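> Sharing input-v3.tsv here; it has TSV, C-alpha atoms.
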chain	number	residue	atom	x	y	z
A	234	ASP	CA	-58.34	189.72	256.63
A	235	ALA	CA	-57.34	191.32	253.33
A	236	GLY	CA	-55.70	194.27	255.06
A	237	VAL	CA	-56.19	197.89	254.11
A	238	ILE	CA	-57.23	198.08	250.48
A	239	GLN	CA	-56.51	201.10	248.34
A	240	SER	CA	-57.50	201.82	244.78
A	241	PRO	CA	-56.30	202.57	242.26
A	242	ARG	CA	-52.71	201.49	242.66
A	243	HIS	CA	-51.58	203.99	240.04
A	244	GLU	CA	-53.33	207.07	238.72
A	245	VAL	CA	-52.20	209.39	235.98
A	246	THR	CA	-54.29	212.48	235.38
A	247	GLU	CA	-54.03	215.79	233.66
A	248	MET	CA	-53.66	219.02	235.54
A	249	GLY	CA	-57.03	220.47	236.40
A	250	GLN	CA	-58.84	217.16	236.52
A	251	GLU	CA	-60.56	215.75	239.56
A	252	VAL	CA	-59.00	212.67	241.10
A	253	THR	CA	-60.50	210.39	243.74
A	254	LEU	CA	-58.52	207.93	245.80
A	255	ARG	CA	-60.28	205.16	247.68
A	256	CYS	CA	-59.63	203.20	250.81
A	257	LYS	CA	-61.22	200.29	252.61
A	258	PRO	CA	-59.90	199.92	256.17
A	259	ILE	CA	-59.61	196.71	258.10
A	260	SER	CA	-62.94	195.69	259.52
A	261	GLY	CA	-63.27	196.72	263.14
A	262	HIS	CA	-60.61	199.41	263.00
A	263	ASP	CA	-61.97	202.65	264.42
A	264	TYR	CA	-59.32	204.98	263.07
A	265	LEU	CA	-58.46	205.78	259.49
A	266	PHE	CA	-55.57	207.95	258.31
A	267	TRP	CA	-54.53	209.48	255.02
A	268	TYR	CA	-50.81	210.12	254.48
A	269	ARG	CA	-48.90	211.59	251.57
A	270	GLN	CA	-45.33	210.59	250.75
A	271	THR	CA	-42.99	212.70	248.64
A	272	MET	CA	-39.24	212.80	248.29
A	273	MET	CA	-39.10	216.38	249.51
A	274	ARG	CA	-41.44	216.19	252.49
A	275	GLY	CA	-41.43	212.53	253.44
A	276	LEU	CA	-44.56	211.10	255.06
A	277	GLU	CA	-47.12	213.71	256.00
A	278	LEU	CA	-50.40	213.11	257.79
A	279	LEU	CA	-53.21	214.76	255.87
A	280	ILE	CA	-56.27	213.84	257.90
A	281	TYR	CA	-57.59	211.18	260.21
A	282	PHE	CA	-61.01	209.90	261.21
A	283	ASN	CA	-62.36	208.23	264.32
A	284	ASN	CA	-65.60	206.30	263.90
A	285	ASN	CA	-66.11	208.01	260.54
A	286	VAL	CA	-65.77	211.52	262.00
A	287	PRO	CA	-62.84	213.72	260.91
A	288	ILE	CA	-60.73	214.46	263.96
A	289	ASP	CA	-57.78	216.40	262.60
A	290	ASP	CA	-57.51	217.79	259.09
A	291	SER	CA	-54.75	220.28	259.81
A	292	GLY	CA	-52.46	218.48	257.38
A	293	MET	CA	-54.73	218.94	254.39
A	294	PRO	CA	-52.68	221.23	252.16
A	295	GLU	CA	-55.46	223.42	250.79
A	296	ASP	CA	-59.08	223.57	249.84
A	297	ARG	CA	-58.48	221.53	246.72
A	298	PHE	CA	-58.19	218.51	248.99
A	299	SER	CA	-61.19	216.92	250.67
A	300	ALA	CA	-61.72	213.61	252.45
A	301	LYS	CA	-64.84	211.77	253.44
A	302	MET	CA	-65.72	208.65	255.33
A	303	PRO	CA	-69.39	207.90	254.69
A	304	ASN	CA	-69.26	204.61	256.60
A	305	ALA	CA	-66.89	202.43	258.58
A	306	SER	CA	-65.69	200.52	255.55
A	307	PHE	CA	-64.94	203.24	253.02
A	308	SER	CA	-63.11	206.52	252.69
A	309	THR	CA	-62.19	208.79	249.82
A	310	LEU	CA	-59.59	211.47	249.28
A	311	LYS	CA	-60.47	213.86	246.50
A	312	ILE	CA	-58.31	216.46	244.79
A	313	GLN	CA	-60.08	219.01	242.64
A	314	PRO	CA	-58.53	220.53	240.62
A	315	SER	CA	-55.33	218.51	240.61
A	316	GLU	CA	-51.93	220.13	240.09
A	317	PRO	CA	-48.51	218.64	239.19
A	318	ARG	CA	-47.25	219.33	242.72
A	319	ASP	CA	-49.87	216.91	244.03
A	320	SER	CA	-47.90	214.06	242.48
A	321	ALA	CA	-47.03	211.69	245.33
A	322	VAL	CA	-47.84	208.34	246.87
A	323	TYR	CA	-50.96	208.53	248.99
A	324	PHE	CA	-51.32	206.01	251.78
A	325	CYS	CA	-54.35	205.01	253.76
A	326	ALA	CA	-53.87	203.34	257.15
A	327	SER	CA	-56.14	202.09	259.89
A	328	ARG	CA	-55.86	200.97	263.50
A	329	PRO	CA	-58.18	199.71	266.21
A	330	GLY	CA	-59.33	202.04	268.96
A	331	ILE	CA	-58.13	199.77	271.75
A	332	HIS	CA	-54.53	198.63	272.33
A	333	PRO	CA	-52.84	202.03	272.54
A	334	ASN	CA	-49.44	200.70	271.52
A	335	TYR	CA	-50.82	199.25	268.32
A	336	GLY	CA	-49.21	200.52	265.16
A	337	TYR	CA	-51.00	201.38	261.99
A	338	THR	CA	-51.72	198.93	259.20
A	339	PHE	CA	-51.02	200.61	255.90
A	340	GLY	CA	-52.44	199.99	252.47
A	341	SER	CA	-50.22	199.60	249.45
A	342	GLY	CA	-50.65	203.21	248.47
A	343	THR	CA	-51.80	205.00	245.34
A	344	ARG	CA	-49.10	206.56	243.18
A	345	LEU	CA	-50.60	209.72	241.72
A	346	THR	CA	-48.99	211.46	238.79
A	347	VAL	CA	-50.43	214.77	237.62
A	348	VAL	CA	-49.13	215.85	234.21
B	1280	ALA	CA	-44.92	219.39	267.75
B	1281	GLN	CA	-42.73	216.33	267.87
B	1282	THR	CA	-39.92	215.91	265.39
B	1283	VAL	CA	-38.22	212.68	264.45
B	1284	THR	CA	-34.71	212.74	263.01
B	1285	GLN	CA	-32.96	209.99	261.11
B	1286	SER	CA	-29.47	211.24	260.39
B	1287	GLN	CA	-28.40	208.43	258.06
B	1288	PRO	CA	-29.93	208.71	254.59
B	1289	GLU	CA	-28.30	205.44	253.52
B	1290	MET	CA	-26.67	202.43	255.13
B	1291	SER	CA	-25.03	199.41	253.54
B	1292	VAL	CA	-24.47	196.04	255.18
B	1293	GLN	CA	-22.96	192.74	254.16
B	1294	GLU	CA	-25.29	189.79	254.21
B	1295	ALA	CA	-25.23	188.03	257.63
B	1296	GLU	CA	-23.72	191.09	259.27
B	1297	THR	CA	-25.32	193.59	261.65
B	1298	VAL	CA	-26.42	197.14	260.93
B	1299	THR	CA	-27.72	199.79	263.30
B	1300	LEU	CA	-30.01	202.62	262.24
B	1301	SER	CA	-30.21	205.72	264.36
B	1302	CYS	CA	-33.25	207.75	265.32
B	1303	THR	CA	-33.67	210.66	267.67
B	1304	TYR	CA	-36.82	212.53	268.55
B	1305	ASP	CA	-37.81	215.69	270.26
B	1306	THR	CA	-40.66	215.73	272.75
B	1307	SER	CA	-41.67	217.26	276.06
B	1308	GLU	CA	-43.95	214.34	276.88
B	1309	SER	CA	-43.06	211.53	279.24
B	1310	ASP	CA	-45.32	208.87	277.79
B	1311	TYR	CA	-45.33	207.92	274.15
B	1312	TYR	CA	-44.81	205.11	271.67
B	1313	LEU	CA	-42.05	204.55	269.16
B	1314	PHE	CA	-42.10	202.44	266.04
B	1315	TRP	CA	-39.91	201.28	263.20
B	1316	TYR	CA	-41.51	200.68	259.83
B	1317	LYS	CA	-40.00	199.01	256.79
B	1318	GLN	CA	-40.86	200.07	253.24
B	1319	PRO	CA	-39.52	197.66	250.60
B	1320	PRO	CA	-39.61	198.50	246.88
B	1321	SER	CA	-43.20	197.26	246.78
B	1322	ARG	CA	-43.84	200.44	248.87
B	1323	GLN	CA	-45.96	198.57	251.44
B	1324	MET	CA	-45.34	200.03	254.91
B	1325	ILE	CA	-44.68	197.17	257.31
B	1326	LEU	CA	-44.46	197.50	261.08
B	1327	VAL	CA	-41.16	196.04	262.27
B	1328	ILE	CA	-41.10	196.75	265.98
B	1329	ARG	CA	-42.72	198.94	268.63
B	1330	GLN	CA	-41.63	200.30	272.00
B	1331	GLU	CA	-43.61	201.85	274.84
B	1332	ALA	CA	-41.74	204.69	276.54
B	1333	TYR	CA	-42.74	203.51	280.01
B	1334	LYS	CA	-41.00	200.18	279.46
B	1335	GLN	CA	-37.30	200.09	280.23
B	1336	GLN	CA	-36.78	196.79	278.51
B	1337	ASN	CA	-35.80	197.09	274.88
B	1338	ALA	CA	-38.18	195.48	272.40
B	1339	THR	CA	-37.02	192.55	270.29
B	1340	GLU	CA	-38.62	190.87	267.29
B	1341	ASN	CA	-36.53	187.98	265.98
B	1342	ARG	CA	-33.50	189.57	264.25
B	1343	PHE	CA	-34.70	193.10	264.98
B	1344	SER	CA	-34.02	194.83	268.26
B	1345	VAL	CA	-34.02	198.38	269.53
B	1346	ASN	CA	-31.84	200.38	271.87
B	1347	PHE	CA	-34.19	202.79	273.60
B	1348	GLN	CA	-32.48	205.55	275.54
B	1349	LYS	CA	-35.24	207.69	276.98
B	1350	ALA	CA	-33.07	210.36	278.56
B	1351	ALA	CA	-31.18	210.81	275.32
B	1352	LYS	CA	-34.38	210.60	273.27
B	1353	SER	CA	-32.77	207.98	271.10
B	1354	PHE	CA	-34.36	204.91	269.50
B	1355	SER	CA	-31.98	202.93	267.30
B	1356	LEU	CA	-32.83	199.78	265.36
B	1357	LYS	CA	-30.40	196.88	265.09
B	1358	ILE	CA	-30.80	194.35	262.32
B	1359	SER	CA	-28.80	191.20	263.05
B	1360	ASP	CA	-27.83	188.51	260.56
B	1361	SER	CA	-28.92	190.76	257.69
B	1362	GLN	CA	-30.72	189.11	254.81
B	1363	LEU	CA	-31.27	190.24	251.25
B	1364	GLY	CA	-34.94	190.66	252.05
B	1365	ASP	CA	-34.08	193.31	254.63
B	1366	ALA	CA	-33.19	195.74	251.86
B	1367	ALA	CA	-35.70	198.57	252.19
B	1368	MET	CA	-36.25	202.06	253.50
B	1369	TYR	CA	-36.73	202.14	257.26
B	1370	PHE	CA	-38.75	204.81	259.03
B	1371	CYS	CA	-38.73	205.70	262.69
B	1372	ALA	CA	-42.04	207.01	264.01
B	1373	TYR	CA	-43.36	208.65	267.17
B	1374	ARG	CA	-46.83	208.76	268.65
B	1375	SER	CA	-47.97	210.58	271.75
B	1376	ALA	CA	-49.72	208.55	274.45
B	1377	LYS	CA	-52.12	211.41	275.14
B	1378	ASN	CA	-55.66	210.19	274.96
B	1379	GLY	CA	-57.12	210.79	271.55
B	1380	ASN	CA	-53.84	211.75	269.90
B	1381	TYR	CA	-53.19	209.11	267.28
B	1382	LYS	CA	-50.89	210.99	264.94
B	1383	LEU	CA	-47.79	209.14	263.84
B	1384	SER	CA	-44.86	211.45	263.07
B	1385	PHE	CA	-42.23	209.93	260.81
B	1386	GLY	CA	-38.56	210.55	260.25
B	1387	ALA	CA	-37.13	211.04	256.77
B	1388	GLY	CA	-36.10	207.40	256.46
B	1389	THR	CA	-32.90	205.42	256.01
B	1390	THR	CA	-32.32	203.31	252.92
B	1391	VAL	CA	-30.67	200.00	253.73
B	1392	THR	CA	-28.89	198.02	251.04
B	1393	VAL	CA	-27.70	194.47	251.68
B	1394	ARG	CA	-24.63	193.22	249.81
B	1395	ALA	CA	-24.57	189.56	248.88
Take the structure from the file and write it as structure tokens.


Amino acid sequence: DAGVIQSPRHEVTEMGQEVTLRCKPISGHDYLFWYRQTMMRGLELLIYFNNNVPIDDSGMPEDRFSAKMPNASFSTLKIQPSEPRDSAVYFCASRPGIHPNYGYTFGSGTRLTVV
Amino acid sequence: AQTVTQSQPEMSVQEAETVTLSCTYDTSESDYYLFWYKQPPSRQMILVIRQEAYKQQNATENRFSVNFQKAAKSFSLKISDSQLGDAAMYFCAYRSAKNGNYKLSFGAGTTVTVRA
């Protein structure tokens, strides 16, 4: 298995632009998570899905952020409009629904820089 | 909400020596899972070791072992025979065992440097 695949690996965009981050979870994993990592706030859970349905989006910072999972093999995190304070590393992770002690498998992350 | 505290921002260890990273957590639950993740400069988050709260036996994975003290809400990671490849940031994480709750809460991390 290729693991959790995220794209792009790096993204530089101008303030006000729309940015879309992409994630392909491991096949067969029922849960998908989006995390944000910053120096100031560490790793924060933004949203997670179970069987493509959003379960908890309480970590989404504001309406500029939206996430979708149209099918079991693809998810997007969109920021519109982007702001410099959105600069961070965004991680996608997945896990299977069974095996409750199973940890997450993370992707390599997308480093977003908003200038 | 559960909080995870890693009180050591940085730790340094001589190659082949042992280093212990501390982690404490706050919870009112009796059943939960604890994890240590490693994040090397490549920024990939790698699961190092996991522990179920209902198990008294401390988990071990090769050179990595934990000291789980449930009453003290403490979950330290010991890295034995440290290698240069162990240099990374290490995160402690907590997850409730409540059905349907799959949130992982992370500590702030501890940066480990290994001296040759």

> Residues at most 7 Å from Glu1289 (chain B), counting all atoms listed in the file, excluding those fewer than 5 positions away in the same chain, as a PDB file with C-alpha atoms, in the coordinates of the input?


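Everything below was put into selection.pdb:
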ATOM      1  CA  THR B1389     -32.900 205.420 256.010  1.00  0.00           C
ATOM      2  CA  THR B1390     -32.320 203.310 252.920  1.00  0.00           C
ATOM      3  CA  VAL B1391     -30.670 200.000 253.730  1.00  0.00           C
TER       4      VAL B1391
END

> Let me make sure I understand: among A:Thr346, A:Thr309, A:Ser299, A:Ser291, which one has the smallest atom-to-atom distance to chain B if we use only C-alpha atoms?

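Smallest distance to chain B is found for A:Ser291.
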
> Show me, as a ChimeraX atom specification, the residues that have an atom within 9 Å of Val252 (chain A) when counting only C-alpha atoms, minus same-chain residues fewer than 6 positions from it.

/A:244,246,310-315,345

> Please determine, counting all atoms listed in the file, which residue among B:Ala1350, B:Leu1356, B:Ala1387, B:Met1290 has the shortest atom-to-atom distance to chain A.

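For chain A, the nearest of the given residues is B:Ala1387.
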
> As a list in words, please: the residues near Ile280 (chain A) (cut-off 8 Å, only C-alpha atoms, same-chain neighbours under 6 positions excluded).

Phe266, Trp267, Tyr268, Pro287, Ile288, Asp289, Asp290, Ser291, Gly292, Met293 and Ala300 of chain A

> Might I get the box with edges along x, y and z of the file that holds all atoms of region 299-307 of chain A listed there, padded by 4 Å on every side, given as centre and edge lengths in Å to one decimal, as lines of an AutoDock Vina configuration file?


center_x = -65.3
center_y = 208.7
center_z = 254.6
size_x = 16.2
size_y = 24.4
size_z = 15.9

> Env of region 1300-1315 of chain B: 7 Å cut, atoms = all atoms listed in the file, seq-sep filter 6 positions within chain, self excluded. Answer as a PyMOL selection string.

(chain A and resi 334) or (chain B and resi 1281-1286+1326-1333+1352-1357+1369-1376)

> Since the input is missing atoms for region 1338-1360 of chain B, could you rebuild it with N, CA, C and O atoms and give the result as a PDB file, keeping the file's coordinate frame?


ATOM      1  N   ALA B1338     -37.379 196.428 273.168  1.00  0.00           N
ATOM      2  CA  ALA B1338     -38.180 195.480 272.400  1.00  0.00           C
ATOM      3  C   ALA B1338     -37.294 194.669 271.450  1.00  0.00           C
ATOM      4  O   ALA B1338     -36.274 195.159 270.949  1.00  0.00           O
ATOM      5  N   THR B1339     -37.725 193.444 271.215  1.00  0.00           N
ATOM      6  CA  THR B1339     -37.020 192.550 270.290  1.00  0.00           C
ATOM      7  C   THR B1339     -38.042 191.771 269.478  1.00  0.00           C
ATOM      8  O   THR B1339     -39.049 191.321 270.031  1.00  0.00           O
ATOM      9  N   GLU B1340     -37.789 191.665 268.186  1.00  0.00           N
ATOM     10  CA  GLU B1340     -38.620 190.870 267.290  1.00  0.00           C
ATOM     11  C   GLU B1340     -37.685 190.088 266.372  1.00  0.00           C
ATOM     12  O   GLU B1340     -37.212 190.589 265.365  1.00  0.00           O
ATOM     13  N   ASN B1341     -37.405 188.853 266.777  1.00  0.00           N
ATOM     14  CA  ASN B1341     -36.530 187.980 265.980  1.00  0.00           C
ATOM     15  C   ASN B1341     -35.177 188.664 265.770  1.00  0.00           C
ATOM     16  O   ASN B1341     -34.466 188.939 266.739  1.00  0.00           O
ATOM     17  N   ARG B1342     -34.823 188.970 264.539  1.00  0.00           N
ATOM     18  CA  ARG B1342     -33.500 189.570 264.250  1.00  0.00           C
ATOM     19  C   ARG B1342     -33.474 191.076 264.458  1.00  0.00           C
ATOM     20  O   ARG B1342     -32.429 191.715 264.284  1.00  0.00           O
ATOM     21  N   PHE B1343     -34.603 191.647 264.810  1.00  0.00           N
ATOM     22  CA  PHE B1343     -34.700 193.100 264.980  1.00  0.00           C
ATOM     23  C   PHE B1343     -34.783 193.430 266.466  1.00  0.00           C
ATOM     24  O   PHE B1343     -35.560 192.828 267.201  1.00  0.00           O
ATOM     25  N   SER B1344     -33.975 194.387 266.875  1.00  0.00           N
ATOM     26  CA  SER B1344     -34.020 194.830 268.260  1.00  0.00           C
ATOM     27  C   SER B1344     -33.781 196.327 268.303  1.00  0.00           C
ATOM     28  O   SER B1344     -33.242 196.909 267.359  1.00  0.00           O
ATOM     29  N   VAL B1345     -34.206 196.941 269.385  1.00  0.00           N
ATOM     30  CA  VAL B1345     -34.020 198.380 269.530  1.00  0.00           C
ATOM     31  C   VAL B1345     -33.162 198.664 270.747  1.00  0.00           C
ATOM     32  O   VAL B1345     -33.070 197.870 271.672  1.00  0.00           O
ATOM     33  N   ASN B1346     -32.534 199.834 270.711  1.00  0.00           N
ATOM     34  CA  ASN B1346     -31.840 200.380 271.870  1.00  0.00           C
ATOM     35  C   ASN B1346     -32.546 201.697 272.204  1.00  0.00           C
ATOM     36  O   ASN B1346     -32.354 202.709 271.522  1.00  0.00           O
ATOM     37  N   PHE B1347     -33.386 201.637 273.203  1.00  0.00           N
ATOM     38  CA  PHE B1347     -34.190 202.790 273.600  1.00  0.00           C
ATOM     39  C   PHE B1347     -33.506 203.495 274.758  1.00  0.00           C
ATOM     40  O   PHE B1347     -33.342 202.917 275.838  1.00  0.00           O
ATOM     41  N   GLN B1348     -33.111 204.726 274.517  1.00  0.00           N
ATOM     42  CA  GLN B1348     -32.480 205.550 275.540  1.00  0.00           C
ATOM     43  C   GLN B1348     -33.370 206.758 275.770  1.00  0.00           C
ATOM     44  O   GLN B1348     -33.275 207.765 275.044  1.00  0.00           O
ATOM     45  N   LYS B1349     -34.230 206.660 276.792  1.00  0.00           N
ATOM     46  CA  LYS B1349     -35.240 207.690 276.980  1.00  0.00           C
ATOM     47  C   LYS B1349     -34.642 209.054 277.307  1.00  0.00           C
ATOM     48  O   LYS B1349     -35.079 210.075 276.775  1.00  0.00           O
ATOM     49  N   ALA B1350     -33.661 209.078 278.169  1.00  0.00           N
ATOM     50  CA  ALA B1350     -33.070 210.360 278.560  1.00  0.00           C
ATOM     51  C   ALA B1350     -32.414 211.045 277.363  1.00  0.00           C
ATOM     52  O   ALA B1350     -32.470 212.270 277.225  1.00  0.00           O
ATOM     53  N   ALA B1351     -31.832 210.263 276.513  1.00  0.00           N
ATOM     54  CA  ALA B1351     -31.180 210.810 275.320  1.00  0.00           C
ATOM     55  C   ALA B1351     -32.137 210.997 274.172  1.00  0.00           C
ATOM     56  O   ALA B1351     -31.754 211.539 273.122  1.00  0.00           O
ATOM     57  N   LYS B1352     -33.373 210.542 274.331  1.00  0.00           N
ATOM     58  CA  LYS B1352     -34.380 210.600 273.270  1.00  0.00           C
ATOM     59  C   LYS B1352     -33.844 209.941 272.001  1.00  0.00           C
ATOM     60  O   LYS B1352     -33.871 210.522 270.899  1.00  0.00           O
ATOM     61  N   SER B1353     -33.375 208.740 272.194  1.00  0.00           N
ATOM     62  CA  SER B1353     -32.770 207.980 271.100  1.00  0.00           C
ATOM     63  C   SER B1353     -33.442 206.623 270.985  1.00  0.00           C
ATOM     64  O   SER B1353     -33.769 205.973 271.994  1.00  0.00           O
ATOM     65  N   PHE B1354     -33.625 206.166 269.757  1.00  0.00           N
ATOM     66  CA  PHE B1354     -34.360 204.910 269.500  1.00  0.00           C
ATOM     67  C   PHE B1354     -33.742 204.253 268.272  1.00  0.00           C
ATOM     68  O   PHE B1354     -34.240 204.381 267.163  1.00  0.00           O
ATOM     69  N   SER B1355     -32.673 203.533 268.439  1.00  0.00           N
ATOM     70  CA  SER B1355     -31.980 202.930 267.300  1.00  0.00           C
ATOM     71  C   SER B1355     -32.488 201.519 267.039  1.00  0.00           C
ATOM     72  O   SER B1355     -32.956 200.828 267.948  1.00  0.00           O
ATOM     73  N   LEU B1356     -32.392 201.118 265.792  1.00  0.00           N
ATOM     74  CA  LEU B1356     -32.830 199.780 265.360  1.00  0.00           C
ATOM     75  C   LEU B1356     -31.606 198.977 264.927  1.00  0.00           C
ATOM     76  O   LEU B1356     -30.809 199.443 264.121  1.00  0.00           O
ATOM     77  N   LYS B1357     -31.479 197.782 265.476  1.00  0.00           N
ATOM     78  CA  LYS B1357     -30.400 196.880 265.090  1.00  0.00           C
ATOM     79  C   LYS B1357     -30.971 195.713 264.314  1.00  0.00           C
ATOM     80  O   LYS B1357     -31.910 195.052 264.786  1.00  0.00           O
ATOM     81  N   ILE B1358     -30.414 195.498 263.139  1.00  0.00           N
ATOM     82  CA  ILE B1358     -30.800 194.350 262.320  1.00  0.00           C
ATOM     83  C   ILE B1358     -29.626 193.370 262.354  1.00  0.00           C
ATOM     84  O   ILE B1358     -28.528 193.686 261.878  1.00  0.00           O
ATOM     85  N   SER B1359     -29.848 192.220 262.930  1.00  0.00           N
ATOM     86  CA  SER B1359     -28.800 191.200 263.050  1.00  0.00           C
ATOM     87  C   SER B1359     -28.947 190.174 261.942  1.00  0.00           C
ATOM     88  O   SER B1359     -30.039 189.950 261.419  1.00  0.00           O
ATOM     89  N   ASP B1360     -27.801 189.546 261.591  1.00  0.00           N
ATOM     90  CA  ASP B1360     -27.830 188.510 260.560  1.00  0.00           C
ATOM     91  C   ASP B1360     -28.608 189.001 259.333  1.00  0.00           C
ATOM     92  O   ASP B1360     -29.578 188.371 258.883  1.00  0.00           O
TER      93      ASP B1360
END
